[in-house]
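S.K.: Dropping a structure here in structure tokens format, bear with me for questions.
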Number of protein chains: 2
Amino acid sequence: MTFKQLEALYWVVTLGGFQHAARKLHTTQSAISKRVQELESFLGIAVFDRNHRSVSLTEKGEELFIQAKKLLAMRLQVIEQVSSPEIFNREIVIGVTELTALTWLPRLIGLIQQHYPRVNIESDVDMSINLQEKLLADEIDLAIVPDAFHDPRFSRQPVGKVKNVWMCKPDLCAEAQPRRLYDLHKYRLLMDKSGPGIIYGRWFEEAGFTPPRKLISNSIVALLSLTVSGGGISYFPESCLEPLTRIGILQQLDIAPALPDITYVAMHKVQRHSELISSIIMLAQNCCDFKTILQRG
Amino acid sequence: MTFKQLEALYWVVTLGGFQHAARKLHTTQSAISKRVQELESFLGIAVFDRNHRSVSLTEKGEELFIQAKKLLAMRLQVIEQVSSPEIFNREIVIGVTELTALTWLPRLIGLIQQHYPRVNIESDVDMSINLQEKLLADEIDLAIVPDAFHDPRFSRQPVGKVKNVWMCKPDLCAEAQPRRLYDLHKYRLLMDKSGPGIIYGRWFEEAGFTPPRKLISNSIVALLSLTVSGGGISYFPESCLEPLTRIGILQQLDIAPALPDITYVAMHKVQRHSELISSIIMLAQNCCDFKTILQRG
DNA sequence: CATTCTTACGTACTGCGTAAGAATG
DNA sequence: CATTCTTACGCAGTACGTAAGAATG
């Protein structure tokens with residue numbers, strides 16, 4: 001009985017198929033099939049019920065799966081406990097939203113590489129709602145997203161906050177500066193689809209404010225470009241777009257009440273604890289800062 | 001990191017050398033050396049201190065060893081829990097004393113084979129004192145011996161009792177039948193070296209009896225043959241030698257106080273628990289019976 | 001100088017990937 | 001009929017054993 005066999009079993013069950021497990025383990029269905037068969041013949045039991053098309057565990061298989069999880073978790077823990085960080089070899093997929101990708105993701109990746117030079121990092125930039133699903137499907141190991149979802153299957157640890165302010169093209173509100181939320185009725189609101197957009201949507205409701213005209217996009221860059229060209233009013237991290245407000249490309253609006261800060265959290269599946277992930281979250285907390293975007297020099 | 005590597009580490013530490021570990025794992029020093037090196041390079045740490053001739057663990061190595069023990073124990077437990085007994089494949093060395101070997105060992109082995117047809121049994125017949133040392137050296141997995149030692153490193157579970165009685169060649173005591181322990185002064189006592197011999201030695205002391213002439217042997221068969229030829233008085237399991245007393249080859253002596261029963265226990269290292277061993281002990285308890293020796297038909 | 005671990009090298013074998021086959025819904 | 005797992009077969013890379021080398025006390 002080898003770890004490879006247990007790993008195959010684990011991912012076949014977790015991802016619900018030999019195909020998926022094979023992709024996860026960077027090999028072929030054939031190899032997975034054989035590892036599972038080896039396991040079965042070694043133990044002299046049937047682990048899977050082959051009568052149906054979808055894999056289902058037998059009773060013994062269920063027992064084995066539970067123990068396999070423990071063995072694999074323990075192996076990982078031992079490796080993380082004992083091995084020197086310089087040699088620690090693993091691949092990890094981090095999911096982030098666009099804003100993070102544009103600001104402090106490079107710093108985070110740099111820090112990780114510094115501490116764990118042999119860890120292979122892949123970053124998946126997507127909307128937070130999709131990242132959540134990818135977490136569940138084990139397509140990513142860690143997601144750093146606005147704190148908009150409260151699913152008990154995930155561990156959530158705050159890594160930082162961002163202060164958003166309303167912005168628009170300077171001449172858009174030239175005649176009458178909006179001062180209160182209500183004043184925004186006159187304009188089209190440009191909102192992101194799944195991150196702060198959701199949080200602010202709820203906040204609007206609580207404040208009794210219903211924007212009459214909205215334009216939703218899944219891309220910050222698109223929102224920014226729309227805003228700069230006068231397509232409406234949007235919110236952006238104050239610190240992040242300071243270079244653009246300074247040179248008058250965008251104007252910052254002073255509207256009361258101010259938009260609440262958005263908390264960013266690092267999320268991962270509760271079961272999938274690991275030293276590496278904890279340590280990455282700590283690094284994220286240290287370098288989470290949405291200031292520097294498009295800064296030159 | 002594979003189980004093979006951890007196993008190598010485990011046995012190198014446990015047996016104190018690559019050579020010994022290799023023998024235990026049925027391979028060569030070279031292979032063990034490489035497995036350990038693989039482990040070290042995988043983890044990026046030094047597990048062993050190579051500056052001295054005797055292997056000694058580094059600090060990290062110590063940690064790893066502790067975890068390796070747990071992982072291996074867990075694997076074994078999972079295998080025993082999940083695998084079907086028919087296919088369960090392992091080798092186990094059982095140490096027994098001569099008397100057991102001559103009486104119920106064949107039954108025990110038969111029972112084990114019946115339950116675990118794929119388990120390879122080796123039996124090591126030796127004096128109980130040696131069996132104890134072999135247990136410590138991990139040369140045997142289980143010893144079934146008279147209950148003469150109380151070492152806390154071993155788990156001891158009773159499997160049966162045997163009633164010994166004094167016996168001699170019929171004409172040896174023809175003129176004056178000995179009735180009390182003291183009467184044995186006149187004769188040479190033939191005693192085994194390490195099993196009941198030790199227990200009865202202590203018992204003699206407590207009873208204030210000091211046999212003037214003793215002949216010690218490590219072989220029951222030798223004692224028997226000496227006794228049958230009139231070399232002295234010895235003790236044997238009553239039930240076991242009934243065929244010989246019945247036909248008058250040996251005479252049973254009725255001496256007070258009677259020899260205390262000898263309890264046989266199954267001993268194994270406390271750490272080395274396992275379902276298989278527990279189950280073998282249960283089988284031993286069921287078939288421990290010193291009756292049938294040299295029975296024909 | 002004997003013992004113990006490491007290194008070097010050729011071999012054997014395990015495990016893998018490709019591609020075709022069987023089974024299920 | 002499409003999807004999913006199994007089987008067959010040839011290949012490659014891993015892990016092994018032999019034997020010689022280095023180091024230690």
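Just remember, in the structure tokens the first chain shown is A, the second B, etc., residues are 1-based per chain, and ligands are 1-based in the order shown.
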Could you tell me which residues of chain B sit within 10 Å of chain C when counting only C-alpha atoms (C1' of nucleotides), and give me the result as a list in words?
M.R.: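 My answer is Gly17, Phe18, Gln19, Gln29, Ser30, Ser33, Lys34, Arg50, His52, Arg53, Ser54 and Val55 of chain B.
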S.K.: Include N, CA and C atoms and write out the residues we just selected as a compact mmCIF listing (two decimals), in the first residue's frame.
M.R.:
# COMPACT_ATOMS: atom_id res chain seq x y z
N GLY B 17 21.19 0.40 12.82
CA GLY B 17 22.18 0.21 11.76
C GLY B 17 21.52 -0.10 10.43
N PHE B 18 22.19 0.28 9.36
CA PHE B 18 21.67 0.05 8.01
C PHE B 18 21.66 -1.44 7.71
N GLN B 19 22.73 -2.07 8.13
CA GLN B 19 22.88 -3.51 7.92
C GLN B 19 21.67 -4.29 8.46
N GLN B 29 22.14 -3.35 2.23
CA GLN B 29 22.50 -2.08 2.88
C GLN B 29 22.40 -0.95 1.88
N SER B 30 22.86 -1.24 0.69
CA SER B 30 22.86 -0.24 -0.37
C SER B 30 21.46 0.34 -0.58
N SER B 33 20.47 2.47 2.34
CA SER B 33 21.20 3.73 2.27
C SER B 33 20.52 4.69 1.30
N LYS B 34 20.14 4.14 0.15
CA LYS B 34 19.53 5.02 -0.85
C LYS B 34 18.15 5.49 -0.45
N ARG B 50 26.23 11.67 10.28
CA ARG B 50 27.15 10.71 9.66
C ARG B 50 28.58 10.84 10.17
N HIS B 52 29.78 10.08 12.99
CA HIS B 52 30.21 8.96 13.83
C HIS B 52 29.86 7.66 13.14
N ARG B 53 30.42 6.63 13.68
CA ARG B 53 30.21 5.35 13.02
C ARG B 53 28.82 4.80 13.32
N SER B 54 28.40 4.96 14.55
CA SER B 54 27.06 4.49 14.89
C SER B 54 26.06 5.56 14.45
N VAL B 55 24.96 5.10 13.89
CA VAL B 55 23.97 6.05 13.41
C VAL B 55 23.34 6.79 14.58
S.K.: Using only C-alpha atoms (C1' of nucleotides) and a distance of at most 9 Å, pull out the residues of chain D that contact chain A, as a PyMOL selection string.
M.R.: chain D and resi 3-6
S.K.: Compile the contact shell of A:Gly230 as a list in words: residues with an atom at most 9 Å away, counting only C-alpha atoms (C1' of nucleotides), same-chain residues fewer than 2 positions apart removed.
M.R.: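 Final neighbour list, sorted by chain and number: Cys168, Lys169, Pro170, Asp171, Leu172, Ser225, Leu226, Thr227, Val228, Gly232 and Ile233 of chain A.
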S.K.: With C-alpha atoms kept, could you save the residues just selected as a short mmCIF file (atom, residue, chain, number, x, y, z; two decimals), in the first residue's frame?
M.R.:
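Final file, out06.cif:
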data_model
loop_
_atom_site.label_atom_id
_atom_site.label_comp_id
_atom_site.auth_asym_id
_atom_site.auth_seq_id
_atom_site.Cartn_x
_atom_site.Cartn_y
_atom_site.Cartn_z
CA CYS A 168 -16.13 59.83 -12.11
CA LYS A 169 -14.82 61.73 -15.06
CA PRO A 170 -14.19 65.29 -13.82
CA ASP A 171 -16.66 67.06 -16.10
CA LEU A 172 -19.47 64.56 -15.48
CA SER A 225 -12.12 52.53 -18.64
CA LEU A 226 -15.85 53.22 -18.72
CA THR A 227 -15.55 55.61 -15.82
CA VAL A 228 -12.63 57.47 -17.31
CA GLY A 232 -20.99 56.79 -15.19
CA ILE A 233 -19.98 56.88 -11.60
#
S.K.: Please identify every residue of chain B that has at least one atom no more than 10 Å from any atom of chain A, counting only C-alpha atoms, and report them as a PyMOL selection string.
M.R.: chain B and resi 1-4+39-47+59-64+66-68+70-72+74-89
S.K.: Could those residues be written to a file, using N, CA and C atoms, as a CSV table (one decimal), in the first residue's frame?
M.R.:
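Generated file (selection_23.csv):
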chain,number,residue,atom,x,y,z
B,1,MET,N,7.8,11.3,-0.6
B,1,MET,CA,8.0,10.6,0.6
B,1,MET,C,7.2,9.3,0.5
B,2,THR,N,7.8,8.2,0.6
B,2,THR,CA,7.1,6.9,0.5
B,2,THR,C,7.2,6.1,1.8
B,3,PHE,N,6.3,5.2,1.9
B,3,PHE,CA,6.3,4.3,3.1
B,3,PHE,C,7.6,3.5,3.1
B,4,LYS,N,8.1,3.2,2.0
B,4,LYS,CA,9.4,2.4,1.9
B,4,LYS,C,10.5,3.2,2.6
B,39,LEU,N,15.0,10.1,1.2
B,39,LEU,CA,14.1,10.8,2.2
B,39,LEU,C,14.8,12.1,2.5
B,40,GLU,N,16.1,12.1,2.8
B,40,GLU,CA,16.8,13.3,3.2
B,40,GLU,C,16.8,14.3,2.1
B,41,SER,N,17.0,13.9,0.9
B,41,SER,CA,17.0,14.9,-0.2
B,41,SER,C,15.6,15.4,-0.5
B,42,PHE,N,14.6,14.6,-0.3
B,42,PHE,CA,13.2,15.0,-0.5
B,42,PHE,C,12.9,16.1,0.5
B,43,LEU,N,13.3,15.9,1.8
B,43,LEU,CA,12.9,16.8,2.8
B,43,LEU,C,13.9,18.0,2.9
B,44,GLY,N,15.1,17.8,2.3
B,44,GLY,CA,16.1,18.8,2.4
B,44,GLY,C,16.7,18.9,3.7
B,45,ILE,N,16.7,17.8,4.5
B,45,ILE,CA,17.4,17.9,5.8
B,45,ILE,C,18.3,16.7,6.0
B,46,ALA,N,19.1,16.8,7.0
B,46,ALA,CA,19.9,15.6,7.3
B,46,ALA,C,19.2,14.8,8.4
B,47,VAL,N,18.9,13.6,8.2
B,47,VAL,CA,18.2,12.8,9.2
B,47,VAL,C,19.2,12.2,10.1
B,59,GLU,N,18.3,16.4,15.1
B,59,GLU,CA,17.1,16.9,15.8
B,59,GLU,C,15.9,16.7,14.9
B,60,LYS,N,16.0,17.1,13.7
B,60,LYS,CA,14.9,17.0,12.7
B,60,LYS,C,14.6,15.5,12.5
B,61,GLY,N,15.7,14.7,12.5
B,61,GLY,CA,15.6,13.3,12.3
B,61,GLY,C,14.7,12.7,13.4
B,62,GLU,N,15.0,13.1,14.6
B,62,GLU,CA,14.2,12.6,15.7
B,62,GLU,C,12.7,12.9,15.5
B,63,GLU,N,12.4,14.1,15.1
B,63,GLU,CA,11.0,14.5,14.9
B,63,GLU,C,10.4,13.6,13.8
B,64,LEU,N,11.2,13.4,12.7
B,64,LEU,CA,10.7,12.6,11.6
B,64,LEU,C,10.5,11.2,12.1
B,66,ILE,N,9.7,10.0,14.9
B,66,ILE,CA,8.5,9.9,15.7
B,66,ILE,C,7.3,9.9,14.8
B,67,GLN,N,7.3,10.8,13.8
B,67,GLN,CA,6.1,10.8,12.9
B,67,GLN,C,6.1,9.6,12.0
B,68,ALA,N,7.3,9.1,11.6
B,68,ALA,CA,7.3,7.9,10.8
B,68,ALA,C,6.7,6.7,11.5
B,70,LYS,N,4.4,6.8,13.7
B,70,LYS,CA,2.9,7.0,13.7
B,70,LYS,C,2.4,6.6,12.3
B,71,LEU,N,3.0,7.1,11.3
B,71,LEU,CA,2.5,6.9,9.9
B,71,LEU,C,2.5,5.4,9.6
B,72,LEU,N,3.6,4.7,10.0
B,72,LEU,CA,3.7,3.3,9.7
B,72,LEU,C,2.7,2.5,10.5
B,74,MET,N,-0.1,3.5,11.6
B,74,MET,CA,-1.4,3.8,11.1
B,74,MET,C,-1.7,3.0,9.8
B,75,ARG,N,-0.7,3.0,9.0
B,75,ARG,CA,-0.8,2.2,7.7
B,75,ARG,C,-1.2,0.7,8.1
B,76,LEU,N,-0.4,0.2,9.0
B,76,LEU,CA,-0.6,-1.2,9.4
B,76,LEU,C,-2.1,-1.4,9.9
B,77,GLN,N,-2.5,-0.4,10.7
B,77,GLN,CA,-3.8,-0.5,11.3
B,77,GLN,C,-4.9,-0.5,10.2
B,78,VAL,N,-4.6,0.4,9.3
B,78,VAL,CA,-5.6,0.5,8.2
B,78,VAL,C,-5.7,-0.8,7.4
B,79,ILE,N,-4.5,-1.3,7.1
B,79,ILE,CA,-4.5,-2.6,6.4
B,79,ILE,C,-5.2,-3.7,7.1
B,80,GLU,N,-5.0,-3.7,8.4
B,80,GLU,CA,-5.6,-4.8,9.2
B,80,GLU,C,-7.1,-4.5,9.3
B,81,GLN,N,-7.5,-3.3,9.3
B,81,GLN,CA,-8.9,-3.0,9.5
B,81,GLN,C,-9.7,-3.2,8.2
B,82,VAL,N,-9.0,-2.9,7.1
B,82,VAL,CA,-9.8,-2.9,5.8
B,82,VAL,C,-9.6,-4.1,5.0
B,83,SER,N,-8.4,-4.7,5.0
B,83,SER,CA,-8.2,-5.8,4.1
B,83,SER,C,-8.9,-7.1,4.5
B,84,SER,N,-9.3,-7.8,3.5
B,84,SER,CA,-9.9,-9.1,3.8
B,84,SER,C,-8.9,-10.1,4.4
B,85,PRO,N,-9.2,-10.8,5.4
B,85,PRO,CA,-8.2,-11.7,6.0
B,85,PRO,C,-7.6,-12.7,5.0
B,86,GLU,N,-8.4,-13.1,4.0
B,86,GLU,CA,-8.0,-14.1,3.1
B,86,GLU,C,-6.8,-13.6,2.3
B,87,ILE,N,-6.7,-12.3,2.1
B,87,ILE,CA,-5.6,-11.8,1.3
B,87,ILE,C,-4.5,-11.2,2.1
B,88,PHE,N,-4.8,-11.0,3.3
B,88,PHE,CA,-3.9,-10.2,4.2
B,88,PHE,C,-2.5,-10.9,4.2
B,89,ASN,N,-1.6,-10.1,3.8
B,89,ASN,CA,-0.3,-10.6,3.5
B,89,ASN,C,0.8,-10.1,4.4
S.K.: Neighbouring residues of stretch 101-112 of chain A were defined as those with any atom within 7 Å, considering only C-alpha atoms (C1' of nucleotides); residues of the same chain fewer than 3 positions away were excluded. Please report them as a list of chain:residue names.
M.R.: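 The filter keeps A:Val96, A:Thr97, A:Glu98, A:His115, A:Tyr116, A:Val125, A:Ile280, A:Leu283, A:Ala284, A:Cys287, A:Cys288, A:Asp289, A:Phe290, A:Lys291, A:Thr292, A:Ile293.
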S.K.: Write down as a ChimeraX atom specification the residues of stretch 126-208 of chain A whose backbone DSSP state falls under helix (DSSP H, G or I).
M.R.: /A:128-136,170-173,181-186,196-206
S.K.: One decimal, in Å: what's the spacing between atom CA of A:Asp138 and atom CA of A:Ser274?
M.R.: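 Atom-to-atom, atom CA of A:Asp138 and atom CA of A:Ser274 are spaced 14.4 Å apart.
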S.K.: So what do you get for atom CA of A:Val165 versus atom CA of A:Gly208, distance-wise?
M.R.: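 Interatomic distance here is 19.2 Å.
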S.K.: Grab the atom CA of A:Thr263 to atom CA of A:Val159 distance for me, in Å with one decimal place.
M.R.: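 It comes out at 7.7 Å.
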S.K.: Run DSSP on the backbone and grab whatever in stretch 110-284 of chain B lands in strand (DSSP E); send it over as a PyMOL selection string.
M.R.: chain B and resi 119-125+142-146+154-162+164-168+188-192+213-217+233-237+251-252+262-269
S.K.: List the neighbours of A:Ile199 out to 10 Å using only C-alpha atoms (C1' of nucleotides); skip same-chain residues closer than 5 positions along the sequence, and give me the result as a list in words.
M.R.: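 Final neighbour list, sorted by chain and number: Pro146, Asp147, Ala148, Phe149, Ser194, Phe204, Pro260, Asp261 and Ile262 of chain A.
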S.K.: Those same residues, written as a compact mmCIF listing (two decimals), in the first residue's frame with C-alpha atoms?
M.R.:
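Final output, selection36.txt:
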# COMPACT_ATOMS: atom_id res chain seq x y z
CA PRO A 146 -13.79 40.38 -0.65
CA ASP A 147 -15.59 39.09 2.40
CA ALA A 148 -18.99 38.61 0.87
CA PHE A 149 -19.74 34.95 1.51
CA SER A 194 -19.32 39.76 -7.73
CA PHE A 204 -27.59 50.19 -0.80
CA PRO A 260 -17.90 51.04 3.88
CA ASP A 261 -14.47 49.50 3.68
CA ILE A 262 -14.21 46.16 1.95
